Every structure is written in structure tokens, then in C-alpha cells.
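Below: one structure, written as C-alpha cells.
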Amino acid sequence: MSGNEISGHAGELAVHVARAHGVETMFTLSGAHVFPMYDGAVKAAEAGDTMRLLDVRHEQTAAFAAEATGKLTRVPGLAVLTAGPGVTNGVSTLAQATFNGSPMVVVGGRAPNNQWGKGALQEIDHVPIVESVTKYARTIPTADDVAEGMHEAFTAARSSHRGPAYVDVGMDEFFNAGTGTVPALAPERTAPDAGAVDHVASLIAQAERPVLILGTDVWADGAEDAALRLVEGVKIPTITNGMGRGIVPGGHPMLMTKARGAALKGADLVVVVGTPLDFRLGYGVFGGDEDGNGTARVVHVADSPDQVSGHADLAASVSGDLSAVLDGLLAGIDRAGPRDWSGWTGDLQQTVQAAVERDNALLHAEADPIHPARIYGELVPRLAEDAVVIGDGGDFVSFAGKFVEPQRPGCWLDPGPYGCLGAGLGAAIAARIARPSSQVVLLLGDGAAGFSLMDVDTLVRHNLPVVMVMGNNSAWGLEKGPMQMLYGYDVAADLAERTQYHEVVKALGGAGEVVTDPGRIGEALDRGFAANAPYLINVITDVNAPYPRNTFGI
């Protein structure tokens, strides 16, 4: 590791390395085990190299904010968590980041080395707990090892396939002085196999009804421009999911997300780029009849070999730098000569238009209680092109996936396939910092809000205005409907009716209101966007209007 030699206590060394990797904010909840990190941030600021300290009310929020920062900025987010419960409170986020391929580093406190085994406060070996949900997990033994260990963690987090890394340092060593090196970064890109790219290009060129699916890793790998070049260059019908949303702007003639069912049922070739073939994509089986006859051929494109599906029956696969893959496909398809997908594309565009017309009735529904879709009928026209939309909930956020089509990439955050509730406040904090001039909208289910609403206090203390829109159906809607379908009854699925969550936000220093009339949703949103404060619009919705899903995640 070459670079500039540095010295100081271990916290200073850690902050120097984090800054060298582009980190600007440290998300944390105060704990003595990690005080040296705070002192490192203070000393960095005194030297003119600012590391923002942002303290929260629950460690899960710090970790979720770091994960969202990694997603939004494509620079690893940093969470600093004190020993014991501080670290274990961040484990769900590490798991989510692993599923999402989110670059982040968690630095944990640790009981002192010189007292280890005697029963010091919060003495627990964290590494065995977190190593199954991280790319890299290590206890750094001495202050002199901190710079190298931190560099290894950040390098692992930001390298394909991206994900979370974890390090901790014994409390005594964290306070000790040491020396190290601030690394010179040399990002590596793995070139894809040219023959594999050409083979996939030939499969696409020969297909009669191809569909392209763009997922989160297209954004994470910085390949969004290459993806749009491919879509527009060959005019291939495209579906987006996760942070792939917005790569093809909402309303684009090649965006077929609203015709997803017809596209995946009728395709003869499905090319999946940058997302796993998991339950969201039928485990990689598309089209065909119940016996599997006539199923589409499937191509899987990933940023690293270990992300290529091992369970799906693939016609081809390729891995490596996704921009190089996508530009290679464009060139290869062009070399293959003329193709005519206009009939297939036209059919899907008609399906999209029919879906838009069907959706229009729901988006303008006058139902009492309010249909959740009506909220999106009012919200979507008010969203700016660069608005960051965050989902934290079940059925209510599923409607968002149906109705919100981002206009730009990097503007959509959801928990991903791990399905972890409670990520929303942390993501909102991260989004407001990463995109200070953009609208930030947090979509909350009333159940999900219970996991993290206290961190509105964090938004208030740090002057981070966010518009929060709640679909409040007084239930765990994602469970209530399926239980009724299975058993004819439901239990453990109801919450207190019409809870005044906006009053909680007011008590914490924010603002908000309750809405029970669909005709008042729009004006409430306008007040929220104008408030320049954390503002919760608590919309009372119909519990009997569940999202019409076709999978329960199994």
C-alpha cells in the first residue's frame, strides 16, 4: 500500500483512511468504545479536511444511513457503532447490504485487549456474528495495523461485487498512537470475456421477442449511461428494478415495466443485467406453460463471476465491468445486422398504455376510506425529476413500485430482497445529505414507522428536511391479507386505529398533519414540500385495499 505516511492515535488513522476513500460523513450513536473515531473527525476538521459527525437515536439508523449513502453516492458509507449491542443493532443492515451489494464499512468498538476474557463491559467477539453477512470481517489487533486494516475494508466494500465490510479495534488500542499509510487508490475494473459478450449479442440479435432487465448493480457499477445507450441503440423492450429504476426514464417508449407480466410471459429471450435471479424474477424461469414448455431462454449478466446464477438454466452468461459488457453488446448487435422487433415492441407498448388507463381510475379514486393509490395520483405529479423516493413499508410501498417511475437513475431506494423494515429514516438522512438540493420523499407504512420514527429527532437536530408520506391502514397489511386467504381469519395483524403519528413528529420538533379526505391529499403534500422541515402527512387508508401481488416471496 503506497501513499502518504501518517501518525496519530488509531482513531485519527482510521479517519484519514476513510477520507482517502471519499467518505464525508460518519454515522454513529455515541459510545465510549469509539470515542477515538470522533476525536479523529474533530482533528481532521481542525486540519481543514472535514468528516461530518452525524449522531442518531438508534444504531440501526446509523447503519441504514451508511448503507443508503453507499447506494446513492457509490462511495462506501461509514457507520461507527459502539461495542456489544451497538454492533448487533447493525447486523440487519449488514445483511441487507449483502443482499443489495451496497458498499459500506462498519467500524465497531470492542472491549479492551488487555482486559479480554475477564468480563469487561460489552465484551463479545463480533466477528463470528457478522462474518456470514459481510464481505470482510476482522478485528484489527494494534494501532499500527489500523490504516492497513481500514484500507482493506474499504477496498473490499467498493470492489465488485460490492457489499459491507466490518472491522473492530480493542478499546485500548483505539486510544493508542500508531503509524500507517494513507493509500493511493487504484480502482480495478475486470474486463469481460469478449467471446462471451459476442455470444450474448448474437442471442439477442437472433431473438424474436427479447426483454432486457436492468437491476441495482447497473447503477452501482456506474453503467447507467451504457445501459441507456444499449436500450436506445437497439430499441429493446426493457424492465427495471431496484436502483435500476430511472436508468430508462419514466415514460420512455422502451420502458415496459408496466407491461412486466406480458413481457416476461411472451419473451423468447430474457437478458437480466445486474440483479439476481431470485424470487422477484421467478428464480429465472420466464414464460412457458405449467409443464415448462416454451420457456424463454435466459442470459445472466453480472459484475463479478460469483454473482452469476448457479440455479437457473442459462443460455449464456457474462461477468465483468458492466459498462464494457453493455457497450460490447451494443456493438455486437449492430454487427449482426438489421432486426425487426417493432411488432413485439408495439404489442408491449399497447399493454403499457392499457395499464396506464386502468391505473388512472385508481390514481384518482374518491373512495372513503382513501385508496392507497390515490396518494400516488397526487404525489407523482409533484415529484421533481431529481426527487429521491424512499420506500419503507409493505403494501403501501408496493403501490409505489407500481406507480412511481423515476426520471433519473440513483433516485429510488428500497430495502431490496432482504425486505428489512425500519430502513427508511436512515435512508432519508443519507439522501438529504447526499442530495441537498433535491426533494427527499420517504414513503412509510404505519407498521414500518414504528421501527425508526424516533429518528425524526435526528432530522430535526441536524436540520434535514424530509417529506414523509404515510399510508396508515392500521394493520400489518402485507400479512393480514395472506392470513385471511390461508385461514379465513387473521391474528397479530392489527395496529391501533388511526394512530396520530404526525403528532409524534410534531413532538420531536417536526411538523405534519392527518388526511382523511382524498381531495385534501394534494394540498397537504404542497404544505409538506414548502415546510422546509421534517413533515409527516398521515393519510388514513383503506385496510381492505391491499396491493394485488403475484408472489409472497417464496
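In the C-alpha cells, chains take letters A, B, ... by order of appearance, with residues numbered from 1 within each chain and ligands from 1 in the order shown.
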_Test item: residues at most 9 Å from region 472-478 of chain A, only C-alpha atoms, excluding those fewer than 3 positions along its chain, as a ChimeraX atom specification_ = /A:372,393-396,444-448,481-482,492-499,538-544,546-547
Please identify the strand (DSSP E) residues within region 228-349 of chain A (assignment by DSSP from backbone atoms) and present them as a CSV table (one decimal) with N, CA, C and O atoms, in the first residue's frame.
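As written to disk, out.csv reads:
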chain,number,residue,atom,x,y,z
A,238,THR,N,-37.5,-3.0,-22.2
A,238,THR,CA,-36.7,-3.0,-21.0
A,238,THR,C,-37.6,-2.9,-19.8
A,238,THR,O,-38.6,-2.1,-19.8
A,239,ILE,N,-37.3,-3.6,-18.8
A,239,ILE,CA,-37.9,-3.6,-17.4
A,239,ILE,C,-36.8,-3.2,-16.5
A,239,ILE,O,-35.6,-3.7,-16.6
A,240,THR,N,-37.1,-2.4,-15.5
A,240,THR,CA,-36.1,-2.0,-14.5
A,240,THR,C,-36.6,-2.4,-13.1
A,240,THR,O,-37.8,-2.4,-12.8
A,269,LEU,N,-36.5,-14.5,-25.2
A,269,LEU,CA,-35.1,-14.4,-24.6
A,269,LEU,C,-35.2,-13.3,-23.5
A,269,LEU,O,-35.7,-12.2,-23.8
A,270,VAL,N,-34.7,-13.5,-22.3
A,270,VAL,CA,-34.7,-12.5,-21.2
A,270,VAL,C,-33.3,-12.4,-20.8
A,270,VAL,O,-32.6,-13.3,-20.4
A,271,VAL,N,-32.8,-11.1,-21.0
A,271,VAL,CA,-31.4,-10.8,-20.6
A,271,VAL,C,-31.5,-10.0,-19.3
A,271,VAL,O,-32.0,-8.9,-19.3
A,272,VAL,N,-31.0,-10.6,-18.2
A,272,VAL,CA,-31.0,-10.0,-16.9
A,272,VAL,C,-29.6,-9.4,-16.5
A,272,VAL,O,-28.7,-10.2,-16.5
A,273,VAL,N,-29.6,-8.1,-16.3
A,273,VAL,CA,-28.3,-7.5,-16.0
A,273,VAL,C,-28.3,-6.9,-14.6
A,273,VAL,O,-29.1,-6.0,-14.3
A,297,ARG,N,-35.4,-18.5,-23.2
A,297,ARG,CA,-34.0,-18.6,-22.9
A,297,ARG,C,-33.6,-17.4,-22.0
A,297,ARG,O,-34.1,-16.3,-22.1
A,298,VAL,N,-32.6,-17.7,-21.1
A,298,VAL,CA,-32.2,-16.7,-20.1
A,298,VAL,C,-30.7,-16.4,-20.2
A,298,VAL,O,-29.9,-17.4,-20.2
A,299,VAL,N,-30.4,-15.2,-20.2
A,299,VAL,CA,-29.0,-14.8,-20.1
A,299,VAL,C,-28.8,-14.0,-18.8
A,299,VAL,O,-29.6,-13.1,-18.5
A,300,HIS,N,-27.7,-14.3,-18.1
A,300,HIS,CA,-27.5,-13.5,-16.9
A,300,HIS,C,-26.1,-12.8,-17.0
A,300,HIS,O,-25.1,-13.4,-17.3
A,301,VAL,N,-26.2,-11.5,-16.7
A,301,VAL,CA,-25.0,-10.6,-16.8
A,301,VAL,C,-24.8,-10.0,-15.4
A,301,VAL,O,-25.7,-9.4,-14.8
A,302,ALA,N,-23.6,-10.2,-14.9
A,302,ALA,CA,-23.3,-9.8,-13.5
A,302,ALA,C,-21.9,-9.0,-13.5
A,302,ALA,O,-21.1,-9.1,-14.4
A,316,ALA,N,-26.7,-18.4,-21.6
A,316,ALA,CA,-25.4,-17.8,-21.6
A,316,ALA,C,-25.2,-16.9,-20.4
A,316,ALA,O,-26.2,-16.6,-19.8
A,317,SER,N,-24.0,-16.6,-20.1
A,317,SER,CA,-23.7,-15.6,-19.1
A,317,SER,C,-22.4,-14.9,-19.4
A,317,SER,O,-21.6,-15.4,-20.2
A,318,VAL,N,-22.3,-13.7,-18.8
A,318,VAL,CA,-21.0,-13.0,-18.9
A,318,VAL,C,-20.9,-12.1,-17.6
A,318,VAL,O,-21.9,-11.7,-17.1
A,319,SER,N,-19.7,-11.9,-17.2
A,319,SER,CA,-19.4,-11.1,-16.0
A,319,SER,C,-18.3,-10.2,-16.2
A,319,SER,O,-17.4,-10.4,-17.1
*When DSSP works through the backbone of this structure, what residues of region 103-174 of chain A end up as alpha helix (DSSP H), shown as a ChimeraX atom specification?*
/A:127-130,146-158,171-174
Take the residues just selected and output them with all heavy atoms as a short mmCIF file (atom, residue, chain, number, x, y, z; two decimals), in the first residue's frame.
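Okay, again_10.cif is ready:
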data_model
loop_
_atom_site.label_atom_id
_atom_site.label_comp_id
_atom_site.auth_asym_id
_atom_site.auth_seq_id
_atom_site.Cartn_x
_atom_site.Cartn_y
_atom_site.Cartn_z
N VAL A 127 -16.86 -10.56 15.37
CA VAL A 127 -16.55 -11.07 14.03
C VAL A 127 -17.32 -12.35 13.70
O VAL A 127 -17.89 -12.46 12.60
CB VAL A 127 -15.03 -11.24 13.86
CG1 VAL A 127 -14.70 -12.01 12.58
CG2 VAL A 127 -14.34 -9.88 13.83
N PRO A 128 -17.39 -13.35 14.59
CA PRO A 128 -18.18 -14.54 14.24
C PRO A 128 -19.66 -14.24 14.02
O PRO A 128 -20.34 -14.98 13.31
CB PRO A 128 -17.99 -15.46 15.46
CG PRO A 128 -16.72 -15.01 16.09
CD PRO A 128 -16.70 -13.52 15.88
N ILE A 129 -20.15 -13.16 14.62
CA ILE A 129 -21.56 -12.80 14.45
C ILE A 129 -21.80 -12.20 13.07
O ILE A 129 -22.82 -12.48 12.43
CB ILE A 129 -22.00 -11.80 15.54
CG1 ILE A 129 -21.90 -12.45 16.93
CG2 ILE A 129 -23.41 -11.29 15.30
CD1 ILE A 129 -22.12 -11.48 18.08
N VAL A 130 -20.88 -11.38 12.59
CA VAL A 130 -21.12 -10.62 11.35
C VAL A 130 -20.49 -11.23 10.11
O VAL A 130 -20.83 -10.82 8.99
CB VAL A 130 -20.62 -9.16 11.51
CG1 VAL A 130 -21.27 -8.50 12.71
CG2 VAL A 130 -19.10 -9.09 11.59
N VAL A 146 -4.11 -0.34 12.01
CA VAL A 146 -5.41 0.25 11.70
C VAL A 146 -5.48 0.78 10.27
O VAL A 146 -6.46 0.55 9.56
CB VAL A 146 -5.76 1.35 12.72
CG1 VAL A 146 -6.88 2.26 12.20
CG2 VAL A 146 -6.17 0.72 14.04
N ALA A 147 -4.47 1.51 9.83
CA ALA A 147 -4.53 2.09 8.48
C ALA A 147 -4.67 0.99 7.43
O ALA A 147 -5.51 1.08 6.53
CB ALA A 147 -3.29 2.95 8.22
N GLU A 148 -3.86 -0.04 7.54
CA GLU A 148 -3.93 -1.12 6.56
C GLU A 148 -5.27 -1.86 6.64
O GLU A 148 -5.89 -2.16 5.61
CB GLU A 148 -2.79 -2.11 6.78
CG GLU A 148 -2.80 -3.27 5.79
CD GLU A 148 -1.67 -4.26 6.03
OE1 GLU A 148 -0.97 -4.13 7.05
OE2 GLU A 148 -1.52 -5.16 5.20
N GLY A 149 -5.72 -2.14 7.87
CA GLY A 149 -6.98 -2.84 8.03
C GLY A 149 -8.16 -2.05 7.50
O GLY A 149 -9.07 -2.59 6.87
N MET A 150 -8.18 -0.75 7.75
CA MET A 150 -9.26 0.10 7.24
C MET A 150 -9.23 0.15 5.71
O MET A 150 -10.27 0.10 5.05
CB MET A 150 -9.15 1.50 7.83
CG MET A 150 -9.53 1.61 9.29
SD MET A 150 -11.31 1.48 9.57
CE MET A 150 -11.89 3.02 8.87
N HIS A 151 -8.03 0.25 5.16
CA HIS A 151 -7.92 0.28 3.70
C HIS A 151 -8.44 -1.02 3.10
O HIS A 151 -9.16 -1.01 2.09
CB HIS A 151 -6.48 0.53 3.29
CG HIS A 151 -6.26 0.46 1.80
ND1 HIS A 151 -6.91 1.29 0.92
CD2 HIS A 151 -5.47 -0.36 1.05
CE1 HIS A 151 -6.53 0.99 -0.32
NE2 HIS A 151 -5.67 0.00 -0.26
N GLU A 152 -8.10 -2.14 3.70
CA GLU A 152 -8.59 -3.42 3.19
C GLU A 152 -10.11 -3.48 3.25
O GLU A 152 -10.77 -3.99 2.34
CB GLU A 152 -7.99 -4.58 4.00
CG GLU A 152 -6.51 -4.80 3.73
CD GLU A 152 -5.94 -5.90 4.63
OE1 GLU A 152 -6.68 -6.41 5.49
OE2 GLU A 152 -4.75 -6.23 4.46
N ALA A 153 -10.69 -2.97 4.34
CA ALA A 153 -12.15 -2.99 4.49
C ALA A 153 -12.81 -2.14 3.42
O ALA A 153 -13.79 -2.57 2.78
CB ALA A 153 -12.54 -2.52 5.88
N PHE A 154 -12.33 -0.92 3.22
CA PHE A 154 -12.94 -0.05 2.22
C PHE A 154 -12.74 -0.61 0.81
O PHE A 154 -13.63 -0.50 -0.04
CB PHE A 154 -12.37 1.36 2.32
CG PHE A 154 -13.07 2.20 3.34
CD1 PHE A 154 -12.50 2.41 4.59
CD2 PHE A 154 -14.30 2.77 3.07
CE1 PHE A 154 -13.15 3.18 5.55
CE2 PHE A 154 -14.95 3.54 4.02
CZ PHE A 154 -14.39 3.74 5.26
N THR A 155 -11.58 -1.19 0.55
CA THR A 155 -11.33 -1.78 -0.77
C THR A 155 -12.28 -2.93 -1.02
O THR A 155 -12.85 -3.06 -2.13
CB THR A 155 -9.88 -2.25 -0.87
OG1 THR A 155 -9.01 -1.13 -0.68
CG2 THR A 155 -9.60 -2.87 -2.23
N ALA A 156 -12.49 -3.78 -0.02
CA ALA A 156 -13.43 -4.89 -0.18
C ALA A 156 -14.84 -4.37 -0.43
O ALA A 156 -15.56 -4.87 -1.30
CB ALA A 156 -13.41 -5.78 1.06
N ALA A 157 -15.25 -3.36 0.32
CA ALA A 157 -16.62 -2.85 0.21
C ALA A 157 -16.90 -2.27 -1.17
O ALA A 157 -18.01 -2.43 -1.70
CB ALA A 157 -16.86 -1.78 1.27
N ARG A 158 -15.92 -1.65 -1.78
CA ARG A 158 -16.16 -0.94 -3.04
C ARG A 158 -15.81 -1.77 -4.26
O ARG A 158 -16.00 -1.32 -5.40
CB ARG A 158 -15.38 0.37 -3.05
CG ARG A 158 -13.88 0.23 -3.13
CD ARG A 158 -13.18 1.56 -2.88
NE ARG A 158 -13.70 2.61 -3.77
CZ ARG A 158 -13.65 3.91 -3.49
NH1 ARG A 158 -13.12 4.33 -2.36
NH2 ARG A 158 -14.12 4.79 -4.34
N MET A 171 -10.55 -1.39 22.61
CA MET A 171 -10.65 -0.02 23.10
C MET A 171 -9.28 0.55 23.48
O MET A 171 -8.97 1.73 23.19
CB MET A 171 -11.59 0.03 24.29
CG MET A 171 -11.95 1.41 24.78
SD MET A 171 -13.18 1.31 26.10
CE MET A 171 -13.48 3.05 26.42
N ASP A 172 -8.44 -0.27 24.10
CA ASP A 172 -7.13 0.23 24.50
C ASP A 172 -6.29 0.59 23.28
O ASP A 172 -5.62 1.63 23.25
CB ASP A 172 -6.41 -0.77 25.40
CG ASP A 172 -6.43 -2.19 24.85
OD1 ASP A 172 -7.19 -2.47 23.90
OD2 ASP A 172 -5.69 -3.04 25.40
N GLU A 173 -6.34 -0.25 22.24
CA GLU A 173 -5.57 0.04 21.03
C GLU A 173 -6.15 1.21 20.25
O GLU A 173 -5.43 1.94 19.58
CB GLU A 173 -5.49 -1.20 20.14
CG GLU A 173 -4.58 -2.28 20.67
CD GLU A 173 -3.12 -1.85 20.70
OE1 GLU A 173 -2.70 -1.03 19.85
OE2 GLU A 173 -2.38 -2.34 21.58
N PHE A 174 -7.46 1.40 20.34
CA PHE A 174 -8.08 2.53 19.64
C PHE A 174 -7.51 3.86 20.16
O PHE A 174 -7.35 4.83 19.40
CB PHE A 174 -9.59 2.51 19.83
CG PHE A 174 -10.38 2.58 18.54
CD1 PHE A 174 -11.67 2.05 18.48
CD2 PHE A 174 -9.86 3.16 17.40
CE1 PHE A 174 -12.41 2.11 17.30
CE2 PHE A 174 -10.59 3.22 16.22
CZ PHE A 174 -11.86 2.69 16.18
#
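Using only C-alpha atoms, the residues found no farther than 10 Å from Gly410 (chain A), other than those of its own chain fewer than 4 positions away, are A:Lys71, A:Leu72, A:Thr73, A:Arg74, A:Thr216, A:Trp219, A:Ala220, A:Glu224, A:Gly242, A:Met243, A:Gly244, A:Arg245, A:Gly246, A:Ile247, A:Asp386, A:Ala387, A:Val388, A:Val389, A:Pro406.
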*Which value, in Å to one decimal, gives the distance between CA of His462 (chain A) and CA of Tyr376 (chain A)?*
28.7 Å
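Taking CA of Thr458 (chain A) as the reference point, CA of Gly22 (chain A) is found at 23.5 Å.
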*asked:* Could you list, as a VMD selection string, every residue within 12 Å of Ile333 (chain A), counting only C-alpha atoms and ignoring same-chain residues fewer than 5 positions away?
replied: chain A and resid 197 to 207 230 to 231 233 to 236 326 to 328 338 to 339
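Relative to CA of Val466 (chain A), CA of Val441 (chain A) is found at 6.2 Å.
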*List the neighbours of Val91 (chain A) out to 12 Å using only C-alpha atoms; skip same-chain residues closer than 3 positions along the sequence, and give me the result as number ranges by chain.*
A: 59-64, 67, 79, 81, 84-88, 94-98, 106, 108, 126-134, 164-166, 420
Saved selection, atoms kept: N, CA, C and O atoms, as a compact mmCIF listing (two decimals), in the first residue's frame:
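Once everything was written out, this is selection02.txt:
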# COMPACT_ATOMS: atom_id res chain seq x y z
N GLU A 59 -28.77 2.68 16.70
CA GLU A 59 -27.67 2.26 15.82
C GLU A 59 -28.15 1.74 14.48
O GLU A 59 -27.45 1.86 13.47
N GLN A 60 -29.34 1.13 14.45
CA GLN A 60 -29.83 0.65 13.15
C GLN A 60 -29.95 1.82 12.17
O GLN A 60 -29.68 1.65 10.96
N THR A 61 -30.33 2.99 12.64
CA THR A 61 -30.47 4.14 11.75
C THR A 61 -29.11 4.57 11.22
O THR A 61 -28.97 4.92 10.04
N ALA A 62 -28.09 4.56 12.07
CA ALA A 62 -26.74 4.90 11.61
C ALA A 62 -26.30 3.95 10.52
O ALA A 62 -25.74 4.36 9.49
N ALA A 63 -26.55 2.67 10.72
CA ALA A 63 -26.13 1.67 9.73
C ALA A 63 -26.92 1.80 8.45
O ALA A 63 -26.36 1.74 7.34
N PHE A 64 -28.25 1.99 8.56
CA PHE A 64 -29.05 2.15 7.35
C PHE A 64 -28.68 3.43 6.60
O PHE A 64 -28.73 3.48 5.36
N GLU A 67 -25.60 2.55 4.68
CA GLU A 67 -25.92 1.72 3.51
C GLU A 67 -26.52 2.56 2.40
O GLU A 67 -26.15 2.42 1.22
N ALA A 79 -20.48 3.68 9.06
CA ALA A 79 -21.17 3.68 10.34
C ALA A 79 -20.19 3.27 11.42
O ALA A 79 -19.43 2.31 11.24
N LEU A 81 -20.12 2.10 15.28
CA LEU A 81 -21.05 1.57 16.28
C LEU A 81 -20.27 1.10 17.51
O LEU A 81 -19.27 0.39 17.37
N GLY A 84 -20.71 -4.36 21.52
CA GLY A 84 -21.83 -5.14 22.01
C GLY A 84 -23.11 -4.83 21.28
O GLY A 84 -23.23 -5.03 20.07
N PRO A 85 -24.14 -4.32 21.99
CA PRO A 85 -25.43 -4.05 21.35
C PRO A 85 -25.34 -3.01 20.25
O PRO A 85 -26.18 -3.00 19.35
N GLY A 86 -24.35 -2.12 20.34
CA GLY A 86 -24.18 -1.17 19.24
C GLY A 86 -23.93 -1.88 17.93
O GLY A 86 -24.53 -1.56 16.90
N VAL A 87 -23.03 -2.86 17.96
CA VAL A 87 -22.73 -3.62 16.76
C VAL A 87 -23.90 -4.53 16.38
O VAL A 87 -24.31 -4.58 15.21
N THR A 88 -24.45 -5.26 17.35
CA THR A 88 -25.51 -6.20 16.98
C THR A 88 -26.76 -5.48 16.48
O THR A 88 -27.51 -6.03 15.68
N LEU A 94 -26.26 -4.94 7.82
CA LEU A 94 -25.19 -5.64 7.12
C LEU A 94 -25.76 -6.72 6.21
O LEU A 94 -25.31 -6.90 5.08
N ALA A 95 -26.77 -7.43 6.70
CA ALA A 95 -27.41 -8.45 5.88
C ALA A 95 -28.09 -7.82 4.67
O ALA A 95 -27.98 -8.31 3.54
N GLN A 96 -28.81 -6.72 4.89
CA GLN A 96 -29.46 -6.04 3.78
C GLN A 96 -28.44 -5.58 2.76
O GLN A 96 -28.64 -5.71 1.55
N ALA A 97 -27.32 -5.02 3.24
CA ALA A 97 -26.29 -4.54 2.33
C ALA A 97 -25.67 -5.67 1.53
O ALA A 97 -25.29 -5.49 0.36
N THR A 98 -25.56 -6.85 2.13
CA THR A 98 -25.04 -8.00 1.40
C THR A 98 -25.99 -8.38 0.27
O THR A 98 -25.57 -8.62 -0.87
N VAL A 106 -18.62 -0.79 8.43
CA VAL A 106 -18.97 -0.59 9.83
C VAL A 106 -17.72 -0.75 10.67
O VAL A 106 -17.02 -1.78 10.57
N GLY A 108 -16.63 -1.10 14.46
CA GLY A 108 -17.20 -1.40 15.76
C GLY A 108 -16.23 -1.13 16.89
O GLY A 108 -15.00 -1.26 16.73
N HIS A 126 -17.37 -9.89 18.03
CA HIS A 126 -18.35 -9.55 17.00
C HIS A 126 -18.11 -10.28 15.69
O HIS A 126 -19.07 -10.55 14.96
N VAL A 127 -16.86 -10.56 15.37
CA VAL A 127 -16.55 -11.07 14.03
C VAL A 127 -17.32 -12.35 13.70
O VAL A 127 -17.89 -12.46 12.60
N PRO A 128 -17.39 -13.35 14.59
CA PRO A 128 -18.18 -14.54 14.24
C PRO A 128 -19.66 -14.24 14.02
O PRO A 128 -20.34 -14.98 13.31
N ILE A 129 -20.15 -13.16 14.62
CA ILE A 129 -21.56 -12.80 14.45
C ILE A 129 -21.80 -12.20 13.07
O ILE A 129 -22.82 -12.48 12.43
N VAL A 130 -20.88 -11.38 12.59
CA VAL A 130 -21.12 -10.62 11.35
C VAL A 130 -20.49 -11.23 10.11
O VAL A 130 -20.83 -10.82 8.99
N GLU A 131 -19.60 -12.20 10.26
CA GLU A 131 -18.84 -12.62 9.08
C GLU A 131 -19.71 -13.30 8.01
O GLU A 131 -19.36 -13.27 6.83
N SER A 132 -20.85 -13.87 8.40
CA SER A 132 -21.70 -14.50 7.38
C SER A 132 -22.49 -13.49 6.57
O SER A 132 -23.08 -13.84 5.53
N VAL A 133 -22.54 -12.24 7.01
CA VAL A 133 -23.31 -11.22 6.29
C VAL A 133 -22.41 -10.06 5.86
O VAL A 133 -22.88 -8.93 5.64
N THR A 134 -21.12 -10.30 5.72
CA THR A 134 -20.18 -9.28 5.25
C THR A 134 -19.22 -9.89 4.24
O THR A 134 -19.04 -11.11 4.18
N PRO A 164 -20.91 -5.04 2.26
CA PRO A 164 -20.47 -4.47 3.54
C PRO A 164 -19.18 -5.11 4.05
O PRO A 164 -18.91 -6.30 3.84
N ALA A 165 -18.39 -4.31 4.74
CA ALA A 165 -17.19 -4.78 5.43
C ALA A 165 -17.26 -4.34 6.88
O ALA A 165 -17.87 -3.31 7.20
N TYR A 166 -16.63 -5.11 7.75
CA TYR A 166 -16.68 -4.82 9.18
C TYR A 166 -15.28 -4.93 9.78
O TYR A 166 -14.54 -5.88 9.48
N CYS A 420 -36.13 -5.65 4.71
CA CYS A 420 -35.96 -5.21 6.11
C CYS A 420 -36.70 -3.90 6.35
O CYS A 420 -36.38 -2.86 5.77
_Need to verify the contact set: region 10-13 of chain A, 10 Å, only C-alpha atoms, exclusion of same-chain residues closer than 6 positions in sequence. Can you return it as number ranges by chain?_
A: 34-44, 142-148, 150, 169, 171-182
*asked:* At a cut-off of 8 Å, using only C-alpha atoms, what residues contact region 358-368 of chain A? Leave out same-chain residues fewer than 3 positions from it and give the result as an MDAnalysis selection string.
replied: chainID A and resid 354:355 371 373:378 517:519 542
